[in-house]
Each structure stands twice: as C-alpha cells, then as structure tokens.
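S.K.: Right, I'll just put the structure down here and ask away after.
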Amino acid sequence: NIWEITEARWKGKLALKDPLASLSNFMGVSTLVQHADELAAAYKRHAGKDLVLHDGVPDAGYEFLYRLLHNDPVILKSGSKAAKASGKPGQTNPPLFFGPMTYYRYNFTKGYVNALAENLDPVAKLIYPTYVAIGRQAPHPNAAKLFIHFLMGSTELTADTVLEQPYNEGKSAGLLKGLAAYFDPGSKSPRDDAPLPKGGEAWSRMKAWTTDPDFMWREGPKVRDFWIQEAGS
C-alpha cells in the first residue's frame, strides 16, 4: 500500500528528485493529490480505520504529501542519482526510488538492480501525456504531418515485432523511426500496435492515474506552495 512509505520503517528511506526541479515528478505528486478520495480509501484498507487529517491539511491527497515529507525523504537534484541510490548492486538495505520509470533502463545500461513496484494500492503508475500539434499558421503543415508520421514509427511495426538493441541502429531503427529516441521502459507509444521495449512488459499490468492538465492549472500552484511549506518545516 502506498501509505506504507509514510510510516516509520521507511523513514529516510525514500529517494526522489525534487519535484520543484522536475516537471515530471511534480506532475506525479500533483496527480496523487488530485485522487484524494482514492487515497483515503486506500488508507482505510491498509490501516483498518479512517484517515485523520493533520490541522490545516484539506484532504487525503495533501495528507499523503504531509506524511511523506515528514518522514524524511531523501530529496536530490538528480533523478539519475536517486535511481542509483536504490539500484546500486550490493546494498543490504537500499532506499525506495520514486521517479520516472524511464530510469529502469539503467538496469540494462549501468547494471543497476531496481525492480518495479507493480501492485501498489491504490496506484502503481502515474502517466503524463506528451502531445504533438501543428501550429495554426505553420508555413509547411504537410511537412509537419510527415514529421508526426515519422515520430509514430513504421507502418510495418506490429505488437509482435521483435526489436533488438541498440534501438537506434540497424533494422530496429528502421522500424521504430522517430520512436527510437523514446523507446525505453518509461515511455509508451500512443500506438496500440507497437511492441513494448525490454523492461516495459509491466506497463499494462500496473494500475495508472493520468495527469489532468486542468487540475495542474488550477491546483498546481497550491501543491507547490504546500510542498515548499512542509519540506522546509
């Protein structure tokens, strides 16, 4: 249960990149805050009782952040260093790592031994969509369409296609095209007929919440201020 990382046994044992220096982490934290009702229900499943909020904390989403920040997380300037803190081989009591799934690729490139927490209650994965668009007065809109087509990969690519690393070379690069630059465990193509990269097999098994741009616009500044207030207290 995700509330376990706010408990004493994980005090000082959670590493993450500072959300105020990482938009992806900030969107993840804000998305947790947005799902206050689900977090409250998850707390009751875990603790067997209703959640009691601290004074001045408006709901379960902010309460989760409050307890997390008062459990001495290790907040770093680098996501790579946070991933290394948990994934470096030979540790007997490593910390947990909260951050983009893309760092899981270091298991294959740097010999880390991170594992994915696939079955967390109430959520194991926080998704932030990335969009492409064509400007209203773009001078060459058809060229832009061709570029977007390139980004989506070859039409010969199927869910059963077997791709070999390195993905940016040879046959793999020819099939992935523009997808090659983003073909790692933490990214998911908008195409349902594209294969998953090595290490990304867990993607479909992990319960997800997706970042809501409207919520970020309305509530993001409040989440930021709350984080600054509690991280410094």
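Letters for chains follow the order of the structure tokens (A, B, ...), residue numbers begin at 1 for each chain, and ligand numbers begin at 1 in the order shown.
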Extract, using only C-alpha atoms, all DNA, RNA and protein residues at most 7 Å from stretch 200-206 of chain A, discarding same-chain residues fewer than 3 positions from it, and format them as a list of chain:residue names.

M.R.: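 Non-adjacent residues within range: A:Glu118, A:Asn119, A:Ala124, A:Lys125, A:Pro185, A:Gly186, A:Leu196, A:Pro197.
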
S.K.: May I have the selected residues written with C-alpha atoms, as a PDB file, in the first residue's frame?

M.R.:
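The resulting file, selection-v1.pdb, is shown below:
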ATOM      1  CA  GLU A 118       3.784  -3.294  -9.875  1.00  0.00           C
ATOM      2  CA  ASN A 119       0.972  -3.985  -7.422  1.00  0.00           C
ATOM      3  CA  ALA A 124       1.422   1.952  -9.222  1.00  0.00           C
ATOM      4  CA  LYS A 125       1.961   4.234 -12.202  1.00  0.00           C
ATOM      5  CA  PRO A 185      10.606   1.183 -20.282  1.00  0.00           C
ATOM      6  CA  GLY A 186       9.191   4.501 -19.097  1.00  0.00           C
ATOM      7  CA  LEU A 196       6.966  -2.674 -25.680  1.00  0.00           C
ATOM      8  CA  PRO A 197      10.692  -2.147 -25.082  1.00  0.00           C
TER       9      PRO A 197
END

S.K.: Compile the contact shell of stretch 79-81 of chain A as a list in words: residues with an atom at most 12 Å away, counting only C-alpha atoms, same-chain residues fewer than 5 positions apart removed.

M.R.: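 After dropping sequence-adjacent residues, the list is Ala15, Leu16, Lys17, Asp18, Pro19, Ala21, Ser22, Leu23, Ser24, Asn25, Val74, Ser86, Gly87, Lys88, Phe97, Phe98, Gly99, Pro100, Met101, Thr102, Tyr103, Tyr104, Arg105, Tyr106, Asn107, Lys110 and Tyr112 of chain A.
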
S.K.: Extract the full set of helix (DSSP H, G or I) residues from stretch 8-173 of chain A according to DSSP on the backbone, and format it as number ranges by chain.

M.R.: A: 8-10, 19-21, 23-34, 36-47, 60-69, 79-87, 101-109, 141-151, 170-173

S.K.: Could you write those residues out with C-alpha atoms, as a compact mmCIF listing (two decimals), in the first residue's frame?

M.R.:
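What landed in again-v9.txt:
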# COMPACT_ATOMS: atom_id res chain seq x y z
CA ALA A 8 8.43 4.81 10.43
CA ARG A 9 10.10 1.79 8.82
CA TRP A 10 10.63 3.84 5.64
CA PRO A 19 9.55 17.85 -7.75
CA LEU A 20 10.20 21.59 -7.82
CA ALA A 21 13.12 20.89 -10.16
CA LEU A 23 8.12 18.76 -14.02
CA SER A 24 7.55 15.01 -14.45
CA ASN A 25 7.91 14.41 -10.71
CA PHE A 26 5.79 17.47 -9.93
CA MET A 27 3.00 16.20 -12.18
CA GLY A 28 3.22 12.84 -10.43
CA VAL A 29 2.97 14.38 -6.97
CA SER A 30 0.08 16.61 -8.08
CA THR A 31 -1.77 13.66 -9.59
CA LEU A 32 -1.57 11.88 -6.24
CA VAL A 33 -3.07 14.96 -4.59
CA GLN A 34 -5.89 15.00 -7.14
CA ALA A 36 -7.74 12.29 -2.55
CA ASP A 37 -10.80 10.04 -2.28
CA GLU A 38 -8.92 7.01 -3.63
CA LEU A 39 -6.04 7.69 -1.24
CA ALA A 40 -8.43 7.93 1.70
CA ALA A 41 -9.99 4.59 0.77
CA ALA A 42 -6.55 3.01 0.36
CA TYR A 43 -5.55 4.24 3.81
CA LYS A 44 -8.58 2.60 5.36
CA ARG A 45 -7.83 -0.68 3.58
CA HIS A 46 -4.29 -0.54 4.94
CA ALA A 47 -4.86 0.77 8.47
CA ALA A 60 -6.21 12.85 1.95
CA GLY A 61 -4.14 13.89 -1.06
CA TYR A 62 -2.40 16.66 0.83
CA GLU A 63 -2.26 14.46 3.94
CA PHE A 64 -0.27 11.91 1.97
CA LEU A 65 2.22 14.61 0.97
CA TYR A 66 2.33 15.89 4.56
CA ARG A 67 3.20 12.49 5.97
CA LEU A 68 5.64 11.75 3.16
CA LEU A 69 7.56 14.98 3.71
CA GLY A 79 16.85 11.70 -10.89
CA SER A 80 19.82 9.61 -12.01
CA LYS A 81 21.37 9.84 -8.55
CA ALA A 82 18.06 8.89 -6.94
CA ALA A 83 17.80 5.85 -9.21
CA LYS A 84 21.38 4.90 -8.31
CA ALA A 85 20.65 5.26 -4.60
CA SER A 86 18.08 2.48 -4.80
CA GLY A 87 19.51 0.43 -7.65
CA MET A 101 10.07 4.61 -14.90
CA THR A 102 12.49 5.54 -17.67
CA TYR A 103 15.36 5.13 -15.20
CA TYR A 104 14.63 1.41 -15.16
CA ARG A 105 16.68 1.29 -18.35
CA TYR A 106 19.79 1.71 -16.20
CA ASN A 107 19.34 -1.92 -15.17
CA PHE A 108 20.45 -2.78 -18.70
CA THR A 109 22.97 0.00 -19.32
CA PRO A 141 1.71 21.91 -42.39
CA ASN A 142 2.12 18.89 -44.65
CA ALA A 143 5.79 18.65 -43.72
CA ALA A 144 4.68 18.73 -40.09
CA LYS A 145 2.29 15.85 -40.78
CA LEU A 146 5.14 13.86 -42.29
CA PHE A 147 7.28 14.53 -39.23
CA ILE A 148 4.49 13.35 -36.91
CA HIS A 149 4.14 10.25 -39.10
CA PHE A 150 7.89 9.67 -38.66
CA LEU A 151 7.58 10.03 -34.88
CA GLY A 170 20.06 -1.12 -37.96
CA LYS A 171 16.72 -2.82 -38.53
CA SER A 172 15.31 -1.68 -35.19
CA ALA A 173 15.93 1.97 -36.07

S.K.: Among chain A, which ones does DSSP place in strand (DSSP E), written as a list in words?

M.R.: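 Reading the DSSP output for chain A, strand (DSSP E) covers Leu14, Ala15, Leu16, Lys17, Val74, Ile75, Leu76, Leu96, Phe97, Phe98, Lys125, Leu126, Ile127, Ala208, Trp209 and Thr210 of chain A.
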
S.K.: Using only C-alpha atoms, which residue out of A:Lys177, A:His54, A:Lys49, A:His70 lies closest to A:Leu14?

M.R.: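 Nearest candidate to A:Leu14 out of A:Lys177, A:His54, A:Lys49, A:His70: A:His70.
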
S.K.: Kindly indicate which residue among A:Gly90, A:Pro73, A:Gly220, A:Gly174 lies nearest to A:Glu156, using only C-alpha atoms for the distances.

M.R.: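 Closest residue, counting only C-alpha atoms: A:Gly174.
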
S.K.: Could you work out how far atom CA of A:Gly199 lies from atom CA of A:Leu116, giving the answer in Å with one decimal?

M.R.: 9.6 Å

S.K.: Which distance in Å separates atom CA of A:Ile127 and atom CA of A:Thr211, to one decimal?

M.R.: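 Atom-to-atom, atom CA of A:Ile127 and atom CA of A:Thr211 are spaced 6.0 Å apart.
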
S.K.: Distance atom CA of A:Ile75-atom CA of A:Trp3, one decimal place?

M.R.: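 Between these atoms lies a distance of 18.3 Å.
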